[in-house]
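Coordinates from target_13.cif are shown below (mmCIF, C-alpha atoms).
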data_query
loop_
_atom_site.label_atom_id
_atom_site.label_comp_id
_atom_site.auth_asym_id
_atom_site.auth_seq_id
_atom_site.Cartn_x
_atom_site.Cartn_y
_atom_site.Cartn_z
CA MET U 1 -66.33 64.28 43.26
CA ARG U 2 -66.71 60.76 41.93
CA LEU U 3 -69.57 60.05 44.31
CA LYS U 4 -71.41 63.10 42.98
CA ARG U 5 -71.24 61.70 39.45
CA VAL U 6 -72.89 58.50 40.62
CA PHE U 7 -75.90 60.37 41.92
CA MET U 8 -76.07 62.76 38.96
CA ALA U 9 -76.02 60.03 36.31
CA PRO U 10 -78.81 60.09 33.70
CA ASP U 11 -81.70 57.79 34.47
CA PRO U 12 -83.11 56.10 31.35
CA GLY U 13 -85.77 54.40 33.48
CA ARG U 14 -87.17 57.79 34.47
CA LEU U 15 -87.43 58.82 30.83
CA ARG U 16 -89.31 55.63 30.03
CA LEU U 17 -91.59 56.14 33.01
CA ARG U 18 -92.36 59.69 31.87
CA ALA U 19 -93.14 58.56 28.33
CA SER U 20 -95.36 55.73 29.50
CA ALA U 21 -97.18 57.98 31.98
CA ARG U 22 -97.89 60.46 29.18
CA ALA U 23 -99.21 57.63 27.02
CA VAL U 24 -101.52 56.30 29.72
CA LEU U 25 -102.78 59.77 30.59
CA GLY U 26 -103.37 60.70 26.95
CA ILE U 27 -105.24 57.50 26.18
CA GLY U 28 -107.30 57.81 29.35
CA LEU U 29 -108.27 61.40 28.59
CA ALA U 30 -109.17 60.57 24.98
CA VAL U 31 -111.34 57.62 25.98
CA ALA U 32 -112.99 59.61 28.79
CA ALA U 33 -113.81 62.45 26.38
CA VAL U 34 -115.37 60.06 23.87
CA VAL U 35 -117.40 58.29 26.56
CA ALA U 36 -118.52 61.64 28.02
CA ALA U 37 -119.72 62.65 24.56
CA GLY U 38 -121.95 59.58 24.53
CA LEU U 39 -120.35 57.93 21.52
CA PRO U 40 -120.20 54.14 21.08
CA THR U 41 -117.42 51.88 22.34
CA ALA U 42 -115.83 51.59 18.89
CA ALA U 43 -115.32 55.36 18.89
CA ALA U 44 -113.68 55.17 22.33
CA VAL U 45 -111.25 52.53 21.11
CA THR U 46 -110.50 54.58 17.99
CA GLY U 47 -109.92 57.69 20.10
CA GLY U 48 -107.53 55.80 22.39
CA LEU U 49 -105.56 54.46 19.44
CA ALA U 50 -105.39 57.91 17.87
CA ALA U 51 -104.04 59.35 21.15
CA LEU U 52 -101.40 56.61 21.35
CA LEU U 53 -100.39 57.12 17.73
CA ALA U 54 -100.15 60.88 18.17
CA LEU U 55 -97.97 60.49 21.25
CA PHE U 56 -95.35 58.41 19.47
CA THR U 57 -95.40 60.17 16.09
CA VAL U 58 -94.99 63.74 17.37
CA ALA U 59 -91.29 63.88 18.21
CA ASP U 60 -90.67 67.61 18.46
CA PRO U 61 -88.60 68.53 21.53
CA THR U 62 -90.52 71.68 22.44
CA VAL U 63 -94.15 72.01 23.49
CA ARG U 64 -94.76 74.69 20.86
CA GLY U 65 -93.32 72.46 18.15
CA GLN U 66 -95.51 69.60 19.31
CA ALA U 67 -98.61 71.79 19.16
CA VAL U 68 -97.75 72.91 15.63
CA THR U 69 -97.22 69.32 14.50
#

Let me see whether you can do it: turn the structure in this file into structure tokens.
Amino acid sequence: MRLKRVFMAPDPGRLRLRASARAVLGIGLAVAAVVAAGLPTAAAVTGGLAALLALFTVADPTVRGQAVT
């Protein structure tokens, strides 16, 4: 029973990895969309920063709540 608890322990590193992967993916998609639209580099940087800011300011636990925010 004790051995099971060792393997079922929460993994804070996985949560950090998930959050950082979402940040990288969001920034990449925002920059790619701006570049695909043919806008200048300054707009791509602004879009990436906006995606990063949105990721860390929207703290709702559910997907629906995040979409509303």

Quiz item: By how many Å are CA of Leu52 (chain U) and CA of Ala19 (chain U) apart?
Solution: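 According to the coordinates, CA of Leu52 (chain U) and CA of Ala19 (chain U) are separated by 11.0 Å.
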
Quiz prompt | Selection dump of the PyMOL selection byres ((chain U and resi 39-50) around 10), as an MDAnalysis selection string | solution = chainID U and resid 23:24 26:38 51:55

Can I get the selection written as a PDB file, in the coordinates of the input, with C-alpha atoms?
ATOM      1  CA  ALA U  23     -99.210  57.630  27.020  1.00  0.00           C
ATOM      2  CA  VAL U  24    -101.520  56.300  29.720  1.00  0.00           C
ATOM      3  CA  GLY U  26    -103.370  60.700  26.950  1.00  0.00           C
ATOM      4  CA  ILE U  27    -105.240  57.500  26.180  1.00  0.00           C
ATOM      5  CA  GLY U  28    -107.300  57.810  29.350  1.00  0.00           C
ATOM      6  CA  LEU U  29    -108.270  61.400  28.590  1.00  0.00           C
ATOM      7  CA  ALA U  30    -109.170  60.570  24.980  1.00  0.00           C
ATOM      8  CA  VAL U  31    -111.340  57.620  25.980  1.00  0.00           C
ATOM      9  CA  ALA U  32    -112.990  59.610  28.790  1.00  0.00           C
ATOM     10  CA  ALA U  33    -113.810  62.450  26.380  1.00  0.00           C
ATOM     11  CA  VAL U  34    -115.370  60.060  23.870  1.00  0.00           C
ATOM     12  CA  VAL U  35    -117.400  58.290  26.560  1.00  0.00           C
ATOM     13  CA  ALA U  36    -118.520  61.640  28.020  1.00  0.00           C
ATOM     14  CA  ALA U  37    -119.720  62.650  24.560  1.00  0.00           C
ATOM     15  CA  GLY U  38    -121.950  59.580  24.530  1.00  0.00           C
ATOM     16  CA  ALA U  51    -104.040  59.350  21.150  1.00  0.00           C
ATOM     17  CA  LEU U  52    -101.400  56.610  21.350  1.00  0.00           C
ATOM     18  CA  LEU U  53    -100.390  57.120  17.730  1.00  0.00           C
ATOM     19  CA  ALA U  54    -100.150  60.880  18.170  1.00  0.00           C
ATOM     20  CA  LEU U  55     -97.970  60.490  21.250  1.00  0.00           C
TER      21      LEU U  55
END

Practice problem: Go ahead and compute the interatomic distance for CA of Gly13 (chain U) and CA of Ala67 (chain U), in Å to one decimal. | Solution: 25.9 Å
